[in-house]
Structures are given as structure tokens and as C-alpha cells.
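Participant: Before I ask anything, here is the structure I am working with.
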Amino acid sequence: MISYISGVVQKISFGKDSYIDLLTKMDISYRIHIPQNFAPIEKDQQLSLYTHFHVREDMQSLFGFESEEERDFFEELLSVSGVGPKIALAVLSTYKKDDVEKIILEGDAKKLSKVSGLGSKGAQKIILELRGKVDFDKDGKVSSAKSRDLKNALKVLGYAGEMLNDKVDLGEKILGKDEGIEIEDLIKRVLSE
């Protein structure tokens, strides 16, 4: 599985099928499909992307994102039955990740159905299926992947209710100061305090 790639931009194509060709240090060029609203890119620019490697019987494709969170959210969209990579990429081309999360929280299928190729039923399905999977905190914000992992680990260790919420809040504070902390170290620190 290819989950991260760095290289020099050889070709850029924005439009219905937006992609870049990225030449790695190993002199291998990869075509990577990206959202249409990707940050400005120039030819010969050094670029690093978080990627999702999608395999079907007749094709293998790479999809690239600016952040790990955006890539993980793309994969959450793919977990919705009937949503393939083209629709998931169209969602993230139409709206930024945070906007999609807000739409899901508000249950705004009409707004989500504006995504090209999705339609009203598809939008409702995404909202219904992801509302249960995407973890929203008390303020309506979506928890980070590390925060969700911490919460799941604490549940396995027997934490529940107010005790669980207190430990997750502590984890959020630690993450606020050190986003790069490994999940194992985060769990140890939360348990030790």
C-alpha cells in the first residue's frame, strides 16, 4: 500500500479529472488524482502527499491529499456503500473536509447533493452512514484520528462516562501542544496523569 509519496511535479491537469504526475527520487513517476480545490501547484515543485492506493480488477489508482486527515476522511467516504473514489474525490473537490463534516453534522443533504454525480439519495446515504462513524465532540467539532484512537483505546481499558470524557479532554490538550505525538505516547501520558 502506498500511503505517502514525495517527488517533483512533472505535469499538472486541473478539470473534471484533476491529477498530477509526480517524479520520485527513484525516477518513477506516479499519476496521482487530486481534489480540484487543491492548493496551487507549479511544475518542477517539490511536493509530498498523503495517498490512498485504490485497486480494482481493471485498474489501480493513487489519490493524493495535502493532509493525513483529509486522506483519512476520503477513506471514510469510501466506506459508504455505493460511494466510489470518483464520488469521494468530487465531494472533497466541491467542499473542504471541515465543510463536509459540518454538512454531515447538520444533516444538510440538499447542500451535499450539489456535488457533481452524487444526487439527493447519495447525499442522504453519506450523511446517514457517516454520522455514526465520524466522531463529533461536545462542540460539534470532529475529533482528530488520534483523538478517536485514544478514545477507543480508553474504552477497551474500561473507561466510560465522565472518566472517559476527562481523559479524552486531557488527550486533546496534549495534542494541542504536540500534534506530532505518537498515539502510544499519548495513551501513556493520559494514563499517567
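Labels used: A, B, ... for chains in the order of the C-alpha cells, numbers from 1 for residues in each chain, and numbers from 1 for ligands as shown.
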Just asking: which residues within region 44-176 of chain A are alpha helix (DSSP H) according to DSSP, as JSON, numbers by chain?
Facilitator: {"A": [68, 69, 70, 71, 72, 73, 74, 75, 76, 77, 78, 85, 86, 87, 88, 89, 90, 91, 92, 93, 94, 97, 98, 99, 100, 101, 102, 103, 104, 105, 106, 109, 110, 111, 112, 119, 120, 121, 122, 123, 124, 125, 126, 127, 128, 129, 130, 131, 145, 146, 147, 148, 149, 150, 151, 152, 153, 154, 155, 156, 161, 162, 163, 164, 165, 166, 167, 168, 169, 170, 171, 172, 173, 174, 175, 176]}
Participant: Using only C-alpha atoms, which residues sit within 8 Å of Leu77 (chain A) once same-chain residues fewer than 3 positions away are excluded, as a ChimeraX atom specification?
Facilitator: /A:73-74,80,83,88,126,130
Participant: As an NGL selection string, please: the residues near Gln10 (chain A) (cut-off 9 Å, only C-alpha atoms, same-chain neighbours under 4 positions excluded).
Facilitator: :A and (20-23 or 29 or 42-45)
Participant: Out of A:Leu170, A:Val91, A:Leu112, A:Ile5, which residue has the shortest atom-to-atom distance to Thr51 (chain A) when counting only C-alpha atoms?
Facilitator: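 Using only C-alpha atoms, Thr51 (chain A) sits closest to A:Ile5.
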Participant: Determine, counting only C-alpha atoms, which protein, DNA and RNA residues have an atom within 9 Å of an atom of Glu75 (chain A); residues of the same chain fewer than 4 positions away are not included. Present the result as a PyMOL selection string.
Facilitator: chain A and resi 52+70-71+79+85+88
Participant: Using only C-alpha atoms, which protein or nucleic acid residues come within 8 Å of region 31-34 of chain A? Drop anything in the same chain fewer than 6 positions from it, and give the result as a ChimeraX atom specification.
Facilitator: /A:17-22,61-65,89
Participant: For the residues in the current selection, export N, CA, C and O atoms as a short mmCIF file (atom, residue, chain, number, x, y, z; two decimals), in the first residue's frame.
Facilitator:
data_model
loop_
_atom_site.label_atom_id
_atom_site.label_comp_id
_atom_site.auth_asym_id
_atom_site.auth_seq_id
_atom_site.Cartn_x
_atom_site.Cartn_y
_atom_site.Cartn_z
N ASP A 17 -11.09 15.68 -14.35
CA ASP A 17 -10.21 14.65 -13.78
C ASP A 17 -8.87 15.32 -13.43
O ASP A 17 -7.95 15.34 -14.22
N SER A 18 -8.79 15.89 -12.24
CA SER A 18 -7.58 16.60 -11.82
C SER A 18 -6.53 15.61 -11.34
O SER A 18 -6.84 14.71 -10.56
N TYR A 19 -5.31 15.81 -11.82
CA TYR A 19 -4.22 14.93 -11.38
C TYR A 19 -2.89 15.65 -11.54
O TYR A 19 -2.78 16.68 -12.21
N ILE A 20 -1.88 15.06 -10.91
CA ILE A 20 -0.50 15.48 -11.12
C ILE A 20 0.32 14.24 -11.39
O ILE A 20 -0.02 13.14 -10.96
N ASP A 21 1.40 14.43 -12.17
CA ASP A 21 2.40 13.38 -12.34
C ASP A 21 3.57 13.77 -11.47
O ASP A 21 4.12 14.88 -11.60
N LEU A 22 3.95 12.88 -10.56
CA LEU A 22 5.00 13.17 -9.58
C LEU A 22 6.18 12.23 -9.79
O LEU A 22 6.02 11.01 -9.75
N SER A 61 -5.29 2.96 -8.91
CA SER A 61 -5.20 4.42 -8.92
C SER A 61 -4.67 4.93 -7.59
O SER A 61 -4.91 4.35 -6.54
N LEU A 62 -3.98 6.06 -7.67
CA LEU A 62 -3.49 6.76 -6.48
C LEU A 62 -4.26 8.08 -6.34
O LEU A 62 -4.45 8.79 -7.33
N PHE A 63 -4.68 8.38 -5.12
CA PHE A 63 -5.37 9.63 -4.84
C PHE A 63 -4.55 10.36 -3.79
O PHE A 63 -4.15 9.77 -2.78
N GLY A 64 -4.27 11.64 -4.03
CA GLY A 64 -3.38 12.39 -3.15
C GLY A 64 -4.06 13.54 -2.43
O GLY A 64 -4.95 14.19 -2.99
N PHE A 65 -3.59 13.80 -1.20
CA PHE A 65 -4.19 14.83 -0.35
C PHE A 65 -3.10 15.59 0.40
O PHE A 65 -2.02 15.06 0.67
N LEU A 89 -13.86 11.84 -4.27
CA LEU A 89 -12.99 12.93 -4.68
C LEU A 89 -13.82 14.15 -5.10
O LEU A 89 -13.44 15.29 -4.81
#
Participant: Given the choices A:Lys102, A:Lys16, A:Arg189, A:Lys110, which gets closest to Leu175 (chain A) if the distance is worked out from only C-alpha atoms?
Facilitator: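 Under the stated criterion, the closest residue is A:Arg189.
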Participant: Give me, as an NGL selection string, the residues of chain A that a backbone DSSP run labels strand (DSSP E or B).
Facilitator: :A and (4-13 or 19-23 or 29-33 or 46-55 or 60-65 or 136 or 142)
Participant: Just N, CA and C atoms for this one: save the residues we selected as a tab-separated table (two decimals), in the first residue's frame.
Facilitator:
chain	number	residue	atom	x	y	z
A	4	TYR	N	2.09	7.47	1.39
A	4	TYR	CA	2.75	8.78	1.39
A	4	TYR	C	3.76	8.78	0.27
A	5	ILE	N	3.84	9.90	-0.44
A	5	ILE	CA	4.78	9.96	-1.57
A	5	ILE	C	5.32	11.37	-1.71
A	6	SER	N	6.61	11.46	-2.07
A	6	SER	CA	7.26	12.75	-2.30
A	6	SER	C	7.94	12.72	-3.65
A	7	GLY	N	7.98	13.88	-4.28
A	7	GLY	CA	8.66	13.96	-5.56
A	7	GLY	C	8.53	15.34	-6.16
A	8	VAL	N	8.90	15.43	-7.44
A	8	VAL	CA	8.86	16.68	-8.18
A	8	VAL	C	7.70	16.62	-9.17
A	9	VAL	N	6.90	17.68	-9.20
A	9	VAL	CA	5.74	17.74	-10.09
A	9	VAL	C	6.22	17.85	-11.53
A	10	GLN	N	5.81	16.88	-12.36
A	10	GLN	CA	6.18	16.86	-13.78
A	10	GLN	C	5.06	17.42	-14.67
A	11	LYS	N	3.81	17.15	-14.27
A	11	LYS	CA	2.66	17.56	-15.07
A	11	LYS	C	1.49	17.84	-14.15
A	12	ILE	N	0.68	18.84	-14.49
A	12	ILE	CA	-0.50	19.20	-13.70
A	12	ILE	C	-1.68	19.28	-14.63
A	13	SER	N	-2.81	18.70	-14.21
A	13	SER	CA	-4.04	18.80	-15.00
A	13	SER	C	-5.20	19.07	-14.06
A	19	TYR	N	-5.31	15.81	-11.82
A	19	TYR	CA	-4.22	14.93	-11.38
A	19	TYR	C	-2.89	15.65	-11.54
A	20	ILE	N	-1.88	15.06	-10.91
A	20	ILE	CA	-0.50	15.48	-11.12
A	20	ILE	C	0.32	14.24	-11.39
A	21	ASP	N	1.40	14.43	-12.17
A	21	ASP	CA	2.40	13.38	-12.34
A	21	ASP	C	3.57	13.77	-11.47
A	22	LEU	N	3.95	12.88	-10.56
A	22	LEU	CA	5.00	13.17	-9.58
A	22	LEU	C	6.18	12.23	-9.79
A	23	LEU	N	7.35	12.79	-10.03
A	23	LEU	CA	8.57	12.02	-10.25
A	23	LEU	C	9.31	11.87	-8.93
A	29	SER	N	7.64	7.81	-12.01
A	29	SER	CA	6.62	8.86	-12.00
A	29	SER	C	5.26	8.22	-11.72
A	30	TYR	N	4.53	8.81	-10.79
A	30	TYR	CA	3.19	8.34	-10.42
A	30	TYR	C	2.15	9.37	-10.82
A	31	ARG	N	1.05	8.91	-11.41
A	31	ARG	CA	-0.09	9.79	-11.67
A	31	ARG	C	-0.99	9.72	-10.43
A	32	ILE	N	-1.23	10.88	-9.83
A	32	ILE	CA	-1.99	10.95	-8.58
A	32	ILE	C	-3.18	11.86	-8.78
A	33	HIS	N	-4.37	11.33	-8.58
A	33	HIS	CA	-5.60	12.11	-8.70
A	33	HIS	C	-5.76	12.96	-7.44
A	46	GLN	N	8.68	20.71	-5.60
A	46	GLN	CA	8.81	19.55	-4.72
A	46	GLN	C	7.51	19.43	-3.94
A	47	LEU	N	6.93	18.23	-3.89
A	47	LEU	CA	5.63	18.06	-3.25
A	47	LEU	C	5.57	16.72	-2.52
A	48	SER	N	4.93	16.72	-1.37
A	48	SER	CA	4.69	15.49	-0.60
A	48	SER	C	3.19	15.36	-0.39
A	49	LEU	N	2.68	14.16	-0.57
A	49	LEU	CA	1.24	13.92	-0.47
A	49	LEU	C	0.95	12.69	0.37
A	50	TYR	N	-0.17	12.73	1.10
A	50	TYR	CA	-0.72	11.54	1.74
A	50	TYR	C	-1.61	10.89	0.70
A	51	THR	N	-1.45	9.60	0.50
A	51	THR	CA	-2.15	8.96	-0.61
A	51	THR	C	-3.02	7.78	-0.18
A	52	HIS	N	-3.98	7.51	-1.05
A	52	HIS	CA	-4.82	6.32	-0.92
A	52	HIS	C	-4.61	5.53	-2.20
A	53	PHE	N	-4.20	4.28	-2.07
A	53	PHE	CA	-3.98	3.40	-3.22
A	53	PHE	C	-5.24	2.57	-3.41
A	54	HIS	N	-5.94	2.79	-4.53
A	54	HIS	CA	-7.22	2.13	-4.78
A	54	HIS	C	-7.04	1.07	-5.87
A	55	VAL	N	-7.42	-0.17	-5.57
A	55	VAL	CA	-7.24	-1.28	-6.50
A	55	VAL	C	-8.60	-1.87	-6.87
A	60	GLN	N	-5.69	0.34	-11.15
A	60	GLN	CA	-5.07	0.74	-9.89
A	60	GLN	C	-4.86	2.25	-9.95
A	61	SER	N	-5.29	2.96	-8.91
A	61	SER	CA	-5.20	4.42	-8.92
A	61	SER	C	-4.67	4.93	-7.59
A	62	LEU	N	-3.98	6.06	-7.67
A	62	LEU	CA	-3.49	6.76	-6.48
A	62	LEU	C	-4.26	8.08	-6.34
A	63	PHE	N	-4.68	8.38	-5.12
A	63	PHE	CA	-5.37	9.63	-4.84
A	63	PHE	C	-4.55	10.36	-3.79
A	64	GLY	N	-4.27	11.64	-4.03
A	64	GLY	CA	-3.38	12.39	-3.15
A	64	GLY	C	-4.06	13.54	-2.43
A	65	PHE	N	-3.59	13.80	-1.20
A	65	PHE	CA	-4.19	14.83	-0.35
A	65	PHE	C	-3.10	15.59	0.40
A	136	PHE	N	-17.99	13.19	16.63
A	136	PHE	CA	-18.10	14.62	16.93
A	136	PHE	C	-17.95	14.83	18.43
A	142	VAL	N	-15.22	17.83	14.77
A	142	VAL	CA	-14.89	16.43	14.53
A	142	VAL	C	-13.56	16.12	15.18
Participant: Can you tell me which residues surround Ile183 (chain A) at a distance of at most 10 Å, considering only C-alpha atoms, apart from same-chain residues fewer than 4 positions away, and format the answer as a list in words?
Facilitator: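 Contacts, in chain order: Ala145, Lys146, Ser147, Asp149, Leu150, Ala153, Gly171, Leu175, Ile187, Lys188 and Arg189 of chain A.
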Participant: Nearest residue to Tyr95 (chain A) out of A:Glu193, A:Ala160, A:Lys114, A:Lys173, using only C-alpha atoms?
Facilitator: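 When distances to Tyr95 (chain A) are compared using only C-alpha atoms, the smallest one comes from A:Lys114.
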Participant: Between A:Ile103, A:Ser3, A:Val156, A:Gln124, which is the closest to Ser67 (chain A) once you count only C-alpha atoms?
Facilitator: A:Ser3
Participant: Work out how far CA of Phe38 (chain A) is from CA of Ser93 (chain A), in Å to one decimal.
Facilitator: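 Distance between the two atoms: 7.8 Å.
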